[in-house]
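Since the structure comes first, as structure tokens, the remarks are kept for the end.
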Amino acid sequence: MTESTQKGQLGRQAVVIGGSVAGIATARVLSEHFDKVLILEKDPVDEGQPGFRDSTRQDRHLHQLLKGGAQAIERMFPGVTEDFVSSGAVQMDLGMDLVWSTLGTSLPREPLNINILQQTRPQLEHLMRRRLHDSGNVEFRDQCAVLGLLTTDDHERVTGVQVMERDTNQRIEIAADLVVDTSGRGSHLSRWLKELDYVPPESLLAKTDLAYTSLLFEDPHLGSDRPWLGYYVAAVPPTSPVGGAILPQENGRWLVTLYGYDGNHSPTDLDGYMEFASKLPDKAIYEAVREAKPIGEAHVFQSAGPLRRYYEKLSRFPDGLLTLGDGMCSLDPVYGQGMSSAILSAEALGEVLTDLGEGRSNLKGLYKTFFKKIGRILDTPWTMCMGTAMVYSSDTPSAKEKRESAYLTKVSTVAKEHPDLWVQFLRVMQLVDPLESLHTPAIESLVSQANDQA
Ligand SMILES: Cc1cc2nc3c(=O)[nH]c(=O)nc-3n(C[C@H](O)[C@H](O)[C@H](O)COP(=O)(O)OP(=O)(O)OC[C@H]3O[C@@H](n4cnc5c(N)ncnc54)[C@H](O)[C@@H]3O)c2cc1C
């Protein structure tokens, strides 16, 4: 984080709507620029320990923190990686420790020097929230549902939020110099904008009809020579619309997620779940969990598909308001990019605010620079997940997005024969490097040679 910024330079109070991963990262960044930051979260939150929440039902499913997101979290919350490790997160080298299987064939296992930490989503969120308290000027208020925005009479500027305090059933108003909506995919921001006579952003929902079914197991490899730490069976739509993964979690657990597109969903009862696992193109997941002891019940999460709201295309937007996270772009969970994209977006918000410099305390027109910058960050993960989305969705992306997505698919195929390119491809998938890094003359020429031979 930048050390030269002065707290309070941009205003007395910023309000963040939603206290999940995007909200926590956003609050951290805002804490460098405002006297006080208030996070309003509608769910009850136990500050003492990790826990599942009603409004983030995805938290019972596999959550990978990509390398790009992990690096950004550490920059934001120095020391948090150590917290993850000491709380039991499992460190894995992507090349050595994870078997990556596609249509029954697995990639050669060799060190890639891309290390990731694997843990449950509630633990990750809990440890980020705990570090947030170090900022000293952030207040996290749970059971506070934001009902709408307060504005000036001409609606040109947002001045705060209307809130329902769920524990007391009271409606209150809270003033803010800046409101950032991080309330997730179900955000009401489009409706609120319409009510204030603004045109909401155009959006694209690429329907893939995906479901995750996840079940915890005791890790049977604990204490033994492990053949691998994690196993990933990729879906290859439309040839093979189903996949699954076993990833180690804290406390000696495996979280095993089975997934399928286009209505190919795993049942939640144990027999149905095991039968689904047995039909994956690689039997390894089935074989591994057959002898393992399940803990609790399987949980399912259904998603219509990736959804992007193109805020960067808007030409009119109220001052004193921004948004980021899943509310702006909700990605295909299979690629594991949502949290990292949100964290990188929050980090970019910090850069935009720092660049404002002194004397720009009214934040006028900030949305233009901010949404353009975030739009560019989102282009990489969005393009990645469009490859699958286009197989199933008739709502197709723009010609540029289609072109980029088709190019990426070709790069991924060529990369399997070229180890250096495979590492670079993974760095882009892990959101360490942007999409443009796969557009060097050398890579483009490799891809076009492969095209000519095909
Ligand atoms: C099945 C599944 C698996 C996933 N796997 C991965 C993965 O492997 N890796 C990865 O990086 N990402 C993954 N994701 C995506 C990831 O969960 C999100 O990108 C991440 O949670 C960031 O989202 P967010 O903070 O913007 O929104 P959310 O996490 O949805 O949080 C929104 C928050 O806002 C609160 N809220 C909503 N409305 C209001 C209101 N009116 N007032 C106050 N509070 C409100 C909610 O209670 C919630 O806490 C997955 C998603 C799904 C569905």
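Chain lettering (A, B, ...) mirrors the order of the structure tokens, residue numbering begins at 1 for each chain separately, and ligand numbering begins at 1 in order of display.
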**Request:** Please check which protein, DNA or RNA residues sit within 7 Å of ligand 1, counting only C-alpha atoms and all ligand atoms, and write them as a ChimeraX atom specification.
**Result:** /A:17-23,40-43,55-56,58-59,61-66,144-147,182-187,212,301,303,324-327,330-331,333-340,342
Same residues, C-alpha atoms, saved as a compact mmCIF listing (two decimals), in the first residue's frame:
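Final file, out.txt:
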# COMPACT_ATOMS: atom_id res chain seq x y z
CA ILE A 17 -22.18 -2.20 1.33
CA GLY A 18 -21.50 -5.91 2.01
CA GLY A 19 -18.78 -7.41 4.19
CA SER A 20 -17.62 -10.34 2.10
CA VAL A 21 -14.27 -10.69 0.31
CA ALA A 22 -14.77 -7.68 -2.00
CA GLY A 23 -16.10 -5.55 0.88
CA LEU A 40 -22.51 -2.64 6.50
CA GLU A 41 -23.18 -6.38 6.27
CA LYS A 42 -26.70 -7.78 6.36
CA ASP A 43 -25.79 -11.22 7.79
CA SER A 55 -26.01 -14.84 2.05
CA THR A 56 -22.78 -16.38 0.80
CA GLN A 58 -20.96 -20.47 -2.09
CA ASP A 59 -18.82 -20.65 1.06
CA HIS A 61 -17.82 -25.05 -1.91
CA LEU A 62 -14.23 -25.20 -3.13
CA HIS A 63 -12.60 -21.78 -3.18
CA GLN A 64 -9.14 -21.44 -4.70
CA LEU A 65 -7.26 -18.26 -4.05
CA LEU A 66 -5.28 -17.69 -7.25
CA CYS A 144 -27.28 -4.02 8.73
CA ALA A 145 -29.10 -4.37 5.39
CA VAL A 146 -28.77 -1.39 3.07
CA LEU A 147 -32.19 -0.57 1.62
CA THR A 182 -19.82 -4.71 -2.85
CA SER A 183 -23.09 -6.53 -2.21
CA GLY A 184 -22.39 -9.29 -4.73
CA ARG A 185 -24.17 -10.71 -7.72
CA GLY A 186 -27.62 -9.97 -6.25
CA SER A 187 -26.75 -6.25 -5.88
CA TYR A 212 -21.48 -27.45 -7.77
CA PHE A 301 -24.98 -24.37 -5.52
CA SER A 303 -25.66 -20.84 -11.08
CA LEU A 324 -16.83 -3.66 -7.55
CA GLY A 325 -16.76 -7.42 -6.98
CA ASP A 326 -19.38 -9.94 -8.08
CA GLY A 327 -21.94 -7.16 -8.51
CA SER A 330 -19.72 -12.70 -11.49
CA LEU A 331 -17.45 -15.25 -13.16
CA PRO A 333 -16.53 -20.48 -10.40
CA VAL A 334 -14.72 -23.34 -12.12
CA TYR A 335 -11.90 -20.94 -13.03
CA GLY A 336 -11.61 -19.80 -9.39
CA GLN A 337 -11.18 -16.13 -10.28
CA GLY A 338 -13.94 -14.28 -8.40
CA MET A 339 -12.19 -13.45 -5.13
CA SER A 340 -8.90 -12.61 -6.81
CA ALA A 342 -12.44 -8.56 -6.51
**Prompt:** Just asking: which residues within range 167-257 of chain A are helix (DSSP H, G or I) according to DSSP, as a ChimeraX atom specification?
**Reply:** /A:189-195,250-252
**Item:** Residue among A:Leu353, A:Val236, A:Ile374, A:Val161 lying closest to Thr409 in chain A, counting only C-alpha atoms
**Value:**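 Once distances to Thr409 in chain A are computed over only C-alpha atoms, the minimum belongs to A:Val236.
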**Request:** Work out how far CA of Arg130 in chain A is from CA of Asn251 in chain A, in Å to one decimal.
**Result:**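 If I compute the distance from CA of Asn251 in chain A to CA of Arg130 in chain A, I get 19.5 Å.
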**Request:** Identify, on the basis of only C-alpha atoms, every residue whose closest approach to Thr323 in chain A does not exceed 9 Å; exclude the query and any residue fewer than 6 positions from it along the same chain; express the result as a VMD selection string.
**Result:** chain A and resid 179 to 183 189 311 371
**Message:** List the spatial neighbours of range 171-177 of chain A as a PyMOL selection string - criterion: any atom at most 8 Å away, only C-alpha atoms, same-chain residues fewer than 2 positions off excluded.
**Reply:** chain A and resi 10-15+158-165+169+179+320
Output file for the selection above: N, CA and C atoms, as a CSV table (one decimal), in the first residue's frame:
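Everything below was put into part22.csv:
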chain,number,residue,atom,x,y,z
A,10,LEU,N,-9.7,12.3,1.7
A,10,LEU,CA,-10.8,12.4,0.7
A,10,LEU,C,-12.1,12.5,1.4
A,11,GLY,N,-12.2,12.5,2.7
A,11,GLY,CA,-13.5,12.7,3.4
A,11,GLY,C,-13.5,12.1,4.7
A,12,ARG,N,-14.7,12.4,5.4
A,12,ARG,CA,-14.8,11.9,6.8
A,12,ARG,C,-15.2,10.4,6.9
A,13,GLN,N,-16.1,10.0,6.0
A,13,GLN,CA,-16.6,8.7,6.2
A,13,GLN,C,-16.9,8.0,4.8
A,14,ALA,N,-16.4,6.8,4.6
A,14,ALA,CA,-16.8,6.0,3.4
A,14,ALA,C,-17.6,4.8,3.9
A,15,VAL,N,-18.6,4.4,3.2
A,15,VAL,CA,-19.5,3.3,3.5
A,15,VAL,C,-19.3,2.2,2.5
A,158,VAL,N,-24.4,10.9,-4.4
A,158,VAL,CA,-24.8,10.1,-3.3
A,158,VAL,C,-24.2,10.6,-2.1
A,159,THR,N,-25.1,10.7,-1.0
A,159,THR,CA,-24.6,11.3,0.2
A,159,THR,C,-24.7,10.3,1.4
A,160,GLY,N,-25.2,9.1,1.1
A,160,GLY,CA,-25.2,8.1,2.2
A,160,GLY,C,-26.1,7.0,1.9
A,161,VAL,N,-26.5,6.2,2.9
A,161,VAL,CA,-27.4,5.0,2.6
A,161,VAL,C,-28.5,4.9,3.7
A,162,GLN,N,-29.6,4.3,3.3
A,162,GLN,CA,-30.7,4.0,4.2
A,162,GLN,C,-30.5,2.5,4.6
A,163,VAL,N,-30.6,2.3,5.9
A,163,VAL,CA,-30.2,1.0,6.5
A,163,VAL,C,-31.3,0.4,7.4
A,164,MET,N,-31.5,-0.9,7.3
A,164,MET,CA,-32.4,-1.6,8.2
A,164,MET,C,-31.4,-2.3,9.2
A,165,GLU,N,-31.5,-1.9,10.5
A,165,GLU,CA,-30.7,-2.6,11.5
A,165,GLU,C,-31.6,-3.8,11.9
A,169,ASN,N,-34.6,-3.9,14.3
A,169,ASN,CA,-35.7,-3.6,13.4
A,169,ASN,C,-35.9,-2.1,13.2
A,179,VAL,N,-19.8,6.0,-1.2
A,179,VAL,CA,-20.4,4.7,-0.9
A,179,VAL,C,-19.9,3.7,-2.0
A,320,GLY,N,-19.8,10.1,-5.8
A,320,GLY,CA,-19.9,9.6,-4.5
A,320,GLY,C,-20.3,8.1,-4.4
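Counting only C-alpha atoms and comparing A:Gly387, A:Pro50, A:Pro397, A:Pro122, the residue that lies closest to Pro238 in chain A is A:Gly387.
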7 Å contact set for Glu202 in chain A, only C-alpha atoms, chain neighbours under 2 positions out, as a PDB file with C-alpha atoms, in the first residue's frame:
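Written output follows (part_17.pdb):
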ATOM      1  CA  PRO A 200     -28.352   1.063 -15.452  1.00  0.00           C
ATOM      2  CA  ARG A 309     -22.484  -5.604 -15.842  1.00  0.00           C
ATOM      3  CA  TYR A 310     -20.562  -3.187 -18.050  1.00  0.00           C
TER       4      TYR A 310
END
**Request:** Mind checking which residues fall within 6 Å of range 73-90 of chain A, counting only C-alpha atoms, ignoring those fewer than 3 positions away in the same chain, and posting them as a PyMOL selection string?
**Result:** chain A and resi 70+117-119+250
**Message:** Neighbouring residues of His418 in chain A were defined as those with any atom within 12 Å, considering only C-alpha atoms; residues of the same chain fewer than 5 positions away were excluded. Please report them as number ranges by chain.
**Reply:** A: 107-108, 411-413, 423-425, 443, 446-447, 450
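CA of Ala348 in chain A sits 14.3 Å away from CA of Met328 in chain A.
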**Nearest-residue call for Gly104 in chain A, choices A:Leu193, A:Ala284, A:Ala72, A:Val428, using only C-alpha atoms** =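 Of the candidates, the smallest distance to Gly104 in chain A is held by A:Ala284.
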**Request:** Counting only C-alpha atoms, figure out which residue out of A:Asp319, A:Asp262, A:Glu404, A:Asp282 gets nearest to Ala304 in chain A.
**Result:**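 Nearest to Ala304 in chain A: A:Asp262.
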